[in-house]
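Asks: One structure is given below, represented as structure tokens, and several questions about it will come after.
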Amino acid sequence: MAVPQGLTLEHHRNLEGRQRRPVVRRVLVALLAGILLLGLLNLFGQRVDASSAETSGARLEVSAPTKVRGGIFFQARFRIQAVEEIANATVVLHPDWLEDITLNTVEPSPVGEASRDGRIALELGRIPAGDEHRLYLHFQVNPTGLGKRSQDVDLYDGGRLLLSLDRDAIVWP
């Protein structure tokens, strides 16, 4: 039986000179499997992390992922519990909440929206003592936004700062 033109039995059938290639393929497949395993272990994000701050008058809990990837959608939930009445509750977000991240929806709609020194201020109105208010923000991460972000949140009663919550987030490619 004749060997087709351009092929040699030693190289193509007996695989002579190709001893390293299976090792390279195995290393590349193992590297890919390792990256997938790290993703399953939440290294690259999407799992919700809850952070909270509390004073004698109020409690704030923020539930949102601290590790996100470009292009994904995620939700942030803000839960405000008023120990004492809050006459004009206002949630103020650090500008990095919207740096390379698109805010799609705010539910329920705030009473008002404003800017406080470049920070987004969402006015929620009155929260009676013993009640709670939940605010949901839905975001999408822009694919080109990478790096560490500050996700600090301040809770005000009108112009009086009630509490601050410090958070950080990482945007992966």
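Ordered as shown in the structure tokens, chains take letters A, B, and onward, while each chain numbers its residues from 1 and ligands are numbered from 1 in the order shown.
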Residues within 7 Å of Val48 (chain A), please, as a PyMOL selection string. Count only C-alpha atoms; anything in the same chain fewer than 2 positions from it doesn't count.

Replies: chain A and resi 46+50+63-65

Asks: Using 12 Å as the limit and counting only C-alpha atoms, can you tabulate each residue of region 41-76 of chain A that touches region 146-160 of chain A, with its shortest atom-to-atom distance in Å and the two atoms involved, as JSON lines?

Replies:
```
{"residue": "A:Phe44", "atom": "CA", "partner": "A:Gly147", "partner_atom": "CA", "distance": 12.0}
{"residue": "A:Ser51", "atom": "CA", "partner": "A:Val153", "partner_atom": "CA", "distance": 10.4}
{"residue": "A:Ser52", "atom": "CA", "partner": "A:Val153", "partner_atom": "CA", "distance": 10.1}
{"residue": "A:Ala53", "atom": "CA", "partner": "A:Asp154", "partner_atom": "CA", "distance": 9.8}
{"residue": "A:Glu54", "atom": "CA", "partner": "A:Leu155", "partner_atom": "CA", "distance": 10.4}
{"residue": "A:Thr55", "atom": "CA", "partner": "A:Leu155", "partner_atom": "CA", "distance": 10.7}
{"residue": "A:Gly57", "atom": "CA", "partner": "A:Asp157", "partner_atom": "CA", "distance": 10.3}
{"residue": "A:Ala58", "atom": "CA", "partner": "A:Leu155", "partner_atom": "CA", "distance": 8.8}
{"residue": "A:Arg59", "atom": "CA", "partner": "A:Leu155", "partner_atom": "CA", "distance": 9.2}
{"residue": "A:Leu60", "atom": "CA", "partner": "A:Leu155", "partner_atom": "CA", "distance": 7.7}
{"residue": "A:Glu61", "atom": "CA", "partner": "A:Val153", "partner_atom": "CA", "distance": 9.9}
{"residue": "A:Val62", "atom": "CA", "partner": "A:Val153", "partner_atom": "CA", "distance": 8.5}
{"residue": "A:Ser63", "atom": "CA", "partner": "A:Gln151", "partner_atom": "CA", "distance": 11.3}
{"residue": "A:Ala64", "atom": "CA", "partner": "A:Gln151", "partner_atom": "CA", "distance": 9.7}
{"residue": "A:Pro65", "atom": "CA", "partner": "A:Gln151", "partner_atom": "CA", "distance": 10.4}
{"residue": "A:Thr66", "atom": "CA", "partner": "A:Gln151", "partner_atom": "CA", "distance": 8.7}
{"residue": "A:Lys67", "atom": "CA", "partner": "A:Lys148", "partner_atom": "CA", "distance": 9.2}
{"residue": "A:Val68", "atom": "CA", "partner": "A:Leu146", "partner_atom": "CA", "distance": 9.5}
{"residue": "A:Arg69", "atom": "CA", "partner": "A:Leu146", "partner_atom": "CA", "distance": 8.4}
{"residue": "A:Gly70", "atom": "CA", "partner": "A:Leu146", "partner_atom": "CA", "distance": 7.6}
{"residue": "A:Gly71", "atom": "CA", "partner": "A:Leu146", "partner_atom": "CA", "distance": 11.0}
{"residue": "A:Ala76", "atom": "CA", "partner": "A:Gln151", "partner_atom": "CA", "distance": 10.7}
```

Asks: For Asn142 (chain A), work out the shell of residues within 10 Å, counting only C-alpha atoms and skipping chain neighbours fewer than 3 positions away, then give it as a ChimeraX atom specification.

Replies: /A:69-73,98-102,139,145-146,171,173

Asks: Kindly indicate which residue among A:Leu137, A:Ile120, A:Leu32, A:Leu43 lies nearest to Ile170 (chain A), using only C-alpha atoms for the distances.

Replies: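 For Ile170 (chain A), the nearest of the candidates is A:Leu43.
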
Asks: Taking into account only C-alpha atoms, which residue in the set A:Gln75, A:Val27, A:Leu36, A:Gly130 is nearest to Asp49 (chain A)?

Replies: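 Ranked by minimum distance to Asp49 (chain A), first place goes to A:Gln75.
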
Asks: I'd like to know which of A:Leu40, A:Asp96, A:Glu16, A:Glu132 is closest to Asp168 (chain A), using only C-alpha atoms.

Replies: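 Closest candidate: A:Asp96.
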
Asks: Which of region 34-74 of chain A end up as strand (DSSP E or B) when DSSP is run on this backbone - answer as a ChimeraX atom specification?

Replies: /A:48-54,58-65,67-69,73-74

Asks: May I ask which of the residues A:Ala129, A:Leu165, A:Ala33, A:Val3 is the closest one to Phe78 (chain A), counting only C-alpha atoms?

Replies: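 Closest to Phe78 (chain A) of all the choices is A:Leu165.
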
Asks: Rank A:Arg79, A:His133, A:Trp97, A:Val91 by their smallest atom-to-atom distance to Glu113 (chain A), using only C-alpha atoms, and report the top residue only.

Replies: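 Answer, going by the shortest atom-to-atom distance: A:Val91.
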
Asks: What's around Asp117 (chain A) at 12 Å? Count only C-alpha atoms, leave out sequence neighbours fewer than 3 positions away in its own chain, and write the answer as a PyMOL selection string.

Replies: chain A and resi 92-95+114+120-121

Asks: How far is it from CA of Asn88 (chain A) to CA of Asp131 (chain A), in Å with one decimal?

Replies: 13.7 Å
